[in-house]
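Content type compact mmCIF, C-alpha atoms, from the file target27.txt:
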```
# COMPACT_ATOMS: atom_id res chain seq x y z
CA MET S 7 -88.49 9.83 124.27
CA THR S 8 -86.63 13.06 123.56
CA LYS S 9 -88.26 16.29 124.72
CA TYR S 10 -88.00 19.37 122.52
CA GLU S 11 -89.82 22.64 123.13
CA GLY S 12 -90.74 25.43 120.77
CA SER S 13 -92.16 26.04 117.33
CA LYS S 14 -91.86 23.83 114.27
CA GLY S 15 -88.99 25.99 113.04
CA GLU S 16 -87.10 25.71 116.32
CA LEU S 17 -87.64 21.96 116.45
CA ARG S 18 -86.46 21.58 112.86
CA ARG S 19 -83.29 23.57 113.56
CA ALA S 20 -82.49 21.53 116.68
CA LEU S 21 -82.99 18.21 114.89
CA LEU S 22 -81.03 19.26 111.80
CA ALA S 23 -78.15 20.36 114.04
CA VAL S 24 -77.98 16.85 115.52
CA ARG S 25 -78.08 15.30 112.05
CA ALA S 26 -75.27 17.62 110.92
CA GLY S 27 -72.99 15.94 113.48
CA LEU S 28 -73.46 12.45 112.03
CA THR S 29 -70.68 10.78 110.06
CA ALA S 30 -71.13 8.87 106.82
CA ASP S 31 -70.56 5.67 108.83
CA ASP S 32 -73.35 6.68 111.25
CA VAL S 33 -75.76 7.19 108.35
CA THR S 34 -74.81 3.88 106.70
CA ALA S 35 -75.15 1.88 109.92
CA ALA S 36 -78.48 3.53 110.69
CA GLY S 37 -79.77 2.69 107.20
CA GLU S 38 -78.89 -0.98 107.55
CA ALA S 39 -80.55 -1.26 110.96
CA LEU S 40 -83.57 0.74 109.81
CA ALA S 41 -84.07 -1.62 106.85
CA ARG S 42 -84.09 -4.67 109.14
CA HIS S 43 -86.87 -3.22 111.32
CA ALA S 44 -88.88 -1.83 108.41
CA LEU S 45 -88.92 -5.19 106.63
CA GLU S 46 -90.56 -6.76 109.70
CA LEU S 47 -93.55 -4.40 109.55
CA PRO S 48 -96.66 -6.27 108.35
CA GLU S 49 -97.54 -3.22 106.25
CA LEU S 50 -94.39 -3.79 104.21
CA THR S 51 -94.38 -7.58 104.37
CA GLY S 52 -97.55 -7.81 102.32
CA ALA S 53 -97.06 -4.73 100.15
CA ARG S 54 -97.02 -5.07 96.38
CA THR S 55 -96.26 -1.38 95.71
CA VAL S 56 -94.35 0.92 98.05
CA ALA S 57 -93.77 4.63 97.48
CA ALA S 58 -90.39 5.44 98.99
CA TYR S 59 -87.55 7.94 98.53
CA VAL S 60 -83.77 7.98 98.15
CA SER S 61 -82.17 9.46 101.25
CA VAL S 62 -79.58 12.19 100.80
CA GLY S 63 -77.05 13.78 103.12
CA SER S 64 -77.61 12.96 106.76
CA GLU S 65 -81.13 11.53 106.33
CA PRO S 66 -81.48 7.97 107.66
CA GLY S 67 -80.20 5.80 104.83
CA THR S 68 -82.89 4.22 102.66
CA ARG S 69 -80.81 2.38 100.06
CA PRO S 70 -80.63 -0.96 101.90
CA LEU S 71 -84.41 -0.87 102.32
CA LEU S 72 -85.01 0.03 98.67
CA GLU S 73 -82.85 -2.87 97.52
CA ALA S 74 -84.45 -5.32 99.95
CA LEU S 75 -87.95 -4.35 98.81
CA ARG S 76 -86.96 -4.70 95.15
CA ALA S 77 -85.38 -8.11 95.90
CA ARG S 78 -88.75 -9.21 97.36
CA GLY S 79 -90.44 -8.33 94.08
CA VAL S 80 -92.08 -5.19 95.46
CA ARG S 81 -92.72 -2.42 92.94
CA VAL S 82 -90.96 0.62 94.42
CA LEU S 83 -91.98 4.11 93.34
CA LEU S 84 -89.64 7.03 93.93
CA PRO S 85 -90.48 10.73 93.83
CA VAL S 86 -89.44 13.17 91.14
CA LEU S 87 -89.51 16.77 92.35
CA LEU S 88 -91.53 19.05 90.09
CA PRO S 89 -90.81 22.81 89.68
CA ASP S 90 -93.75 23.69 91.98
CA ASN S 91 -92.45 21.31 94.72
CA ASP S 92 -95.16 18.73 94.02
CA LEU S 93 -94.02 15.15 93.39
CA ASP S 94 -94.29 13.01 90.30
CA TRP S 95 -93.32 9.33 90.58
CA ALA S 96 -91.19 6.84 88.65
CA GLU S 97 -90.33 3.20 89.18
CA TYR S 98 -87.08 2.27 90.95
CA THR S 99 -85.01 -0.08 88.80
CA GLY S 100 -81.88 -0.15 90.97
CA PRO S 101 -79.06 2.19 91.94
CA ASP S 102 -77.79 2.45 88.37
CA GLY S 103 -81.15 3.89 87.31
CA LEU S 104 -80.79 6.97 89.55
CA VAL S 105 -79.70 10.39 88.32
CA ARG S 106 -78.73 13.60 90.13
CA ALA S 107 -81.51 16.16 90.22
CA ARG S 108 -82.27 19.56 91.70
CA ARG S 109 -81.48 20.22 95.38
CA GLY S 110 -79.00 17.35 95.48
CA LEU S 111 -81.72 14.73 95.16
CA LEU S 112 -81.40 11.39 93.41
CA GLU S 113 -84.33 10.46 91.16
CA PRO S 114 -85.18 7.60 88.81
CA ALA S 115 -84.20 8.20 85.19
CA GLY S 116 -87.18 6.21 83.86
CA GLY S 117 -90.57 7.31 82.61
CA ARG S 118 -92.81 9.43 84.79
CA LEU S 119 -96.03 7.94 86.11
CA GLY S 120 -97.76 11.16 87.21
CA PRO S 121 -98.45 12.63 90.66
CA ASP S 122 -101.47 10.34 91.18
CA ALA S 123 -99.36 7.17 90.90
CA VAL S 124 -98.83 7.31 94.67
CA THR S 125 -102.54 6.61 95.22
CA GLY S 126 -101.95 3.00 94.15
CA ALA S 127 -99.29 2.32 96.78
CA ASP S 128 -99.91 -0.11 99.64
CA ALA S 129 -97.44 1.80 101.82
CA VAL S 130 -95.80 5.22 101.64
CA LEU S 131 -92.42 5.73 103.31
CA LEU S 132 -92.10 9.33 104.44
CA PRO S 133 -89.03 11.38 105.17
CA GLY S 134 -89.26 13.58 108.21
CA LEU S 135 -87.46 15.09 111.13
CA ALA S 136 -89.59 13.86 114.02
CA VAL S 137 -92.71 12.02 115.10
CA ASP S 138 -94.43 12.07 118.45
CA GLY S 139 -96.36 9.49 120.47
CA ARG S 140 -99.57 10.29 118.62
CA GLY S 141 -97.95 9.61 115.26
CA MET S 142 -97.79 13.29 114.31
CA ARG S 143 -94.95 13.76 111.82
CA LEU S 144 -92.77 16.83 111.41
CA GLY S 145 -91.46 17.24 107.88
CA ARG S 146 -88.76 19.58 106.63
CA GLY S 147 -91.25 22.30 105.77
CA GLY S 148 -91.13 22.22 101.98
CA GLY S 149 -94.71 21.02 101.61
CA SER S 150 -94.07 18.29 99.01
CA TYR S 151 -95.29 15.48 101.23
CA ASP S 152 -98.18 17.56 102.55
CA ARG S 153 -99.38 17.57 98.94
CA VAL S 154 -98.87 13.83 98.65
CA LEU S 155 -100.85 13.18 101.83
CA ALA S 156 -103.63 15.52 100.70
CA ARG S 157 -103.73 13.74 97.32
CA LEU S 158 -104.09 10.37 99.06
CA ALA S 159 -106.95 11.71 101.19
CA ARG S 160 -108.77 13.21 98.18
CA ALA S 161 -108.48 9.90 96.33
CA GLY S 162 -109.80 7.92 99.31
CA ALA S 163 -106.53 5.96 99.30
CA ASP S 164 -105.45 4.54 102.65
CA PRO S 165 -101.89 3.22 102.37
CA ALA S 166 -99.81 2.59 105.46
CA LEU S 167 -97.88 5.78 106.23
CA VAL S 168 -94.46 5.04 107.69
CA ALA S 169 -91.93 7.68 108.77
CA LEU S 170 -88.22 6.80 108.67
CA LEU S 171 -86.22 8.52 111.44
CA TYR S 172 -83.33 8.30 113.87
CA ASP S 173 -83.97 7.09 117.42
CA ASP S 174 -83.76 10.53 119.03
CA GLU S 175 -86.32 11.91 116.56
CA VAL S 176 -89.19 10.16 118.33
CA VAL S 177 -90.12 13.10 120.51
CA ALA S 178 -92.61 13.95 123.22
CA ARG S 179 -94.63 16.38 121.14
CA VAL S 180 -94.60 17.76 117.59
CA PRO S 181 -96.36 21.10 117.08
CA ASP S 182 -99.15 20.53 114.58
CA GLU S 183 -101.50 22.45 112.32
CA PRO S 184 -104.85 21.47 110.75
CA HIS S 185 -103.22 20.34 107.48
CA ASP S 186 -100.79 17.96 109.22
CA HIS S 187 -101.32 14.20 109.04
CA LEU S 188 -100.70 11.34 111.44
CA VAL S 189 -98.60 8.38 110.39
CA HIS S 190 -99.31 4.73 111.17
CA ALA S 191 -95.74 3.81 112.15
CA ALA S 192 -92.23 5.15 112.59
CA VAL S 193 -89.14 3.06 111.98
CA THR S 194 -85.81 3.93 113.56
CA PRO S 195 -82.52 2.02 113.69
CA SER S 196 -83.53 0.44 117.00
CA ALA S 197 -87.24 -0.32 116.55
CA ALA S 198 -90.49 0.01 114.69
CA ARG S 199 -93.17 1.91 116.59
CA ARG S 200 -96.85 1.76 115.71
CA PHE S 201 -99.43 4.37 116.57
CA THR S 202 -102.96 3.36 117.50
CA ALA S 203 -104.47 6.83 117.20
CA VAL S 204 -104.45 6.70 113.38
```
Could you rewrite the structure in this file as structure tokens?
Amino acid sequence: MTKYEGSKGELRRALLAVRAGLTADDVTAAGEALARHALELPELTGARTVAAYVSVGSEPGTRPLLEALRARGVRVLLPVLLPDNDLDWAEYTGPDGLVRARRGLLEPAGGRLGPDAVTGADAVLLPGLAVDGRGMRLGRGGGSYDRVLARLARAGADPALVALLYDDEVVARVPDEPHDHLVHAAVTPSAARRFTAV
């Protein structure tokens, strides 16, 4: 388990610096391995609807996982970034149904389902930069997924929360604040880790 010290900002900068050194081949290989481990999680094996995201840049690749879930007949919802940084959702219909959006993101071109669509998901795949042994996740700091997690809590929804990360992003401790949420599992290219504290 990697040990990082410092504030959320310092931890984010350190982790993003490591990601910046990855090649396109590194990202692709990580995405394929990550998909294999994620598909073995019982939370995804029995899921009918999964809220996911399309990775961009040096994020662990999600495309193999998106395609594998769709091939299983799972309804996959992808986020659409709203002007206030909240997330709407639309159904994933395949790579040809994605369009370029703000901030370099890829989003579904299809009809919007509304921000509350996520409350019907059996599992939510979360981007992030780190998770610790408690299951505390460190996001990028934009707040979009904090809103999603708060929306799930308000609705009484209890989907499996799964962070997708690189191996060295499972760290000893993530600084946390009262609004932060624990995840149920983290999947990396080498393993799936489950957290019992949630």
>> Using all atoms listed in the file, which protein or nucleic acid residues come within 12 Å of S:Gly79? Drop anything in the same chain fewer than 6 positions from it, and give the result as a ChimeraX atom specification.
In response: /S:50-56,72-73,98-99
Quick one: which stretch 46-138 of chain S residues come within 9 Å of stretch 166-178 of chain S, and what is the nearest atom pair for each with the distance in Å to one decimal, counting all atoms listed in the file, rows ordered by chain and ascending number, as a Markdown table?
```
| residue | atom | partner | partner_atom | distance |
| --- | --- | --- | --- | --- |
| S:Glu49 | CA | S:Ala166 | CA | 6.3 |
| S:Leu50 | CA | S:Ala166 | CA | 8.5 |
| S:Glu65 | CA | S:Leu171 | CA | 7.8 |
| S:Pro66 | CA | S:Leu171 | CA | 6.1 |
| S:Gly67 | CA | S:Leu170 | CA | 8.9 |
| S:Thr68 | CA | S:Leu170 | CA | 8.4 |
| S:Ala127 | CA | S:Ala166 | CA | 8.7 |
| S:Asp128 | CA | S:Ala166 | CA | 6.4 |
| S:Ala129 | CA | S:Ala166 | CA | 4.4 |
| S:Val130 | CA | S:Leu167 | CA | 5.1 |
| S:Leu131 | CA | S:Val168 | CA | 4.9 |
| S:Leu132 | CA | S:Ala169 | CA | 4.6 |
| S:Pro133 | CA | S:Leu170 | CA | 5.8 |
| S:Gly134 | CA | S:Ala169 | CA | 6.5 |
| S:Leu135 | CA | S:Glu175 | CA | 6.4 |
| S:Ala136 | CA | S:Glu175 | CA | 4.6 |
| S:Val137 | CA | S:Val176 | CA | 5.1 |
| S:Asp138 | CA | S:Val177 | CA | 4.9 |
```
> Which neighbours of S:Glu38 fall inside 12 Å, counting all atoms listed in the file, when residues of the same chain fewer than 5 positions from it are skipped, and could you give them as a ChimeraX atom specification?
Replying inline: /S:31-33,43-45,66-74,193-196
Around all listed atoms of stretch 165-171 of chain S, padded 8 Å per side, what centre and edge lengths does the axis-aligned box have in Å to one decimal, as lines of an AutoDock Vina configuration file?
```
center_x = -94.1
center_y = 5.6
center_z = 106.9
size_x = 31.7
size_y = 21.9
size_z = 25.1
```
> Leaving out S:Ser13 and any residue of its chain fewer than 6 positions from it, which residues lie within 10 Å of it when counting only C-alpha atoms, given as number ranges by chain?
Replying inline: S: 19, 180-182
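Closest approach to S:Leu88 from the set S:Gly117, S:Leu158, S:Ala107, S:Pro165 is made by S:Ala107, with distances taken over only C-alpha atoms.
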With all heavy atoms as the target, complete stretch 54-65 of chain S and hand it back as an mmCIF file, keeping the file's coordinate frame.
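The file below, selection.cif, is the result:
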```
data_model
loop_
_atom_site.group_PDB
_atom_site.id
_atom_site.type_symbol
_atom_site.label_atom_id
_atom_site.label_comp_id
_atom_site.auth_asym_id
_atom_site.auth_seq_id
_atom_site.Cartn_x
_atom_site.Cartn_y
_atom_site.Cartn_z
ATOM 1 N N ARG S 54 -97.400 -4.824 97.783
ATOM 2 C CA ARG S 54 -97.020 -5.070 96.380
ATOM 3 C C ARG S 54 -96.373 -3.835 95.762
ATOM 4 O O ARG S 54 -95.501 -3.938 94.920
ATOM 5 C CB ARG S 54 -98.250 -5.473 95.569
ATOM 6 C CG ARG S 54 -98.857 -6.795 95.996
ATOM 7 C CD ARG S 54 -100.091 -7.148 95.173
ATOM 8 N NE ARG S 54 -101.043 -6.054 95.085
ATOM 9 C CZ ARG S 54 -102.009 -5.790 95.971
ATOM 10 N NH1 ARG S 54 -102.154 -6.566 97.023
ATOM 11 N NH2 ARG S 54 -102.825 -4.764 95.810
ATOM 12 N N THR S 55 -96.827 -2.642 96.182
ATOM 13 C CA THR S 55 -96.260 -1.380 95.710
ATOM 14 C C THR S 55 -95.978 -0.493 96.909
ATOM 15 O O THR S 55 -96.850 -0.289 97.752
ATOM 16 C CB THR S 55 -97.248 -0.656 94.758
ATOM 17 O OG1 THR S 55 -97.525 -1.496 93.626
ATOM 18 C CG2 THR S 55 -96.670 0.671 94.266
ATOM 19 N N VAL S 56 -94.753 0.030 96.967
ATOM 20 C CA VAL S 56 -94.350 0.920 98.050
ATOM 21 C C VAL S 56 -93.803 2.203 97.428
ATOM 22 O O VAL S 56 -92.927 2.158 96.567
ATOM 23 C CB VAL S 56 -93.279 0.280 98.952
ATOM 24 C CG1 VAL S 56 -92.734 1.285 99.966
ATOM 25 C CG2 VAL S 56 -93.845 -0.944 99.660
ATOM 26 N N ALA S 57 -94.335 3.338 97.856
ATOM 27 C CA ALA S 57 -93.770 4.630 97.480
ATOM 28 C C ALA S 57 -92.706 4.963 98.528
ATOM 29 O O ALA S 57 -92.992 4.952 99.726
ATOM 30 C CB ALA S 57 -94.854 5.701 97.444
ATOM 31 N N ALA S 58 -91.506 5.218 98.080
ATOM 32 C CA ALA S 58 -90.390 5.440 98.990
ATOM 33 C C ALA S 58 -89.631 6.688 98.547
ATOM 34 O O ALA S 58 -90.182 7.532 97.835
ATOM 35 C CB ALA S 58 -89.485 4.205 99.007
ATOM 36 N N TYR S 59 -88.386 6.815 98.951
ATOM 37 C CA TYR S 59 -87.550 7.940 98.530
ATOM 38 C C TYR S 59 -86.096 7.528 98.713
ATOM 39 O O TYR S 59 -85.782 6.606 99.475
ATOM 40 C CB TYR S 59 -87.873 9.214 99.311
ATOM 41 C CG TYR S 59 -87.596 9.112 100.793
ATOM 42 C CD1 TYR S 59 -86.405 9.572 101.340
ATOM 43 C CD2 TYR S 59 -88.513 8.512 101.650
ATOM 44 C CE1 TYR S 59 -86.144 9.449 102.695
ATOM 45 C CE2 TYR S 59 -88.267 8.388 103.002
ATOM 46 C CZ TYR S 59 -87.082 8.860 103.520
ATOM 47 O OH TYR S 59 -86.825 8.725 104.861
ATOM 48 N N VAL S 60 -85.203 8.216 98.005
ATOM 49 C CA VAL S 60 -83.770 7.980 98.150
ATOM 50 C C VAL S 60 -83.247 9.012 99.141
ATOM 51 O O VAL S 60 -83.353 10.219 98.918
ATOM 52 C CB VAL S 60 -83.033 8.131 96.804
ATOM 53 C CG1 VAL S 60 -81.543 7.853 96.986
ATOM 54 C CG2 VAL S 60 -83.620 7.198 95.759
ATOM 55 N N SER S 61 -82.702 8.540 100.241
ATOM 56 C CA SER S 61 -82.170 9.460 101.250
ATOM 57 C C SER S 61 -80.946 10.188 100.694
ATOM 58 O O SER S 61 -80.211 9.663 99.851
ATOM 59 C CB SER S 61 -81.780 8.680 102.505
ATOM 60 O OG SER S 61 -80.845 7.668 102.185
ATOM 61 N N VAL S 62 -80.756 11.395 101.180
ATOM 62 C CA VAL S 62 -79.580 12.190 100.800
ATOM 63 C C VAL S 62 -78.989 12.810 102.065
ATOM 64 O O VAL S 62 -79.684 12.996 103.063
ATOM 65 C CB VAL S 62 -79.925 13.294 99.771
ATOM 66 C CG1 VAL S 62 -80.329 12.696 98.444
ATOM 67 C CG2 VAL S 62 -81.000 14.228 100.292
ATOM 68 N N GLY S 63 -77.720 13.122 101.997
ATOM 69 C CA GLY S 63 -77.050 13.780 103.120
ATOM 70 C C GLY S 63 -77.132 12.960 104.384
ATOM 71 O O GLY S 63 -76.854 11.760 104.399
ATOM 72 N N SER S 64 -77.572 13.610 105.458
ATOM 73 C CA SER S 64 -77.610 12.960 106.760
ATOM 74 C C SER S 64 -78.962 12.329 107.083
ATOM 75 O O SER S 64 -79.193 11.910 108.221
ATOM 76 C CB SER S 64 -77.236 13.965 107.857
ATOM 77 O OG SER S 64 -78.164 15.044 107.869
ATOM 78 N N GLU S 65 -79.869 12.232 106.087
ATOM 79 C CA GLU S 65 -81.130 11.530 106.330
ATOM 80 C C GLU S 65 -80.835 10.065 106.639
ATOM 81 O O GLU S 65 -79.853 9.504 106.128
ATOM 82 C CB GLU S 65 -82.025 11.581 105.086
ATOM 83 C CG GLU S 65 -82.603 12.936 104.786
ATOM 84 C CD GLU S 65 -83.523 12.903 103.574
ATOM 85 O OE1 GLU S 65 -83.194 12.224 102.577
ATOM 86 O OE2 GLU S 65 -84.566 13.565 103.625
#
```
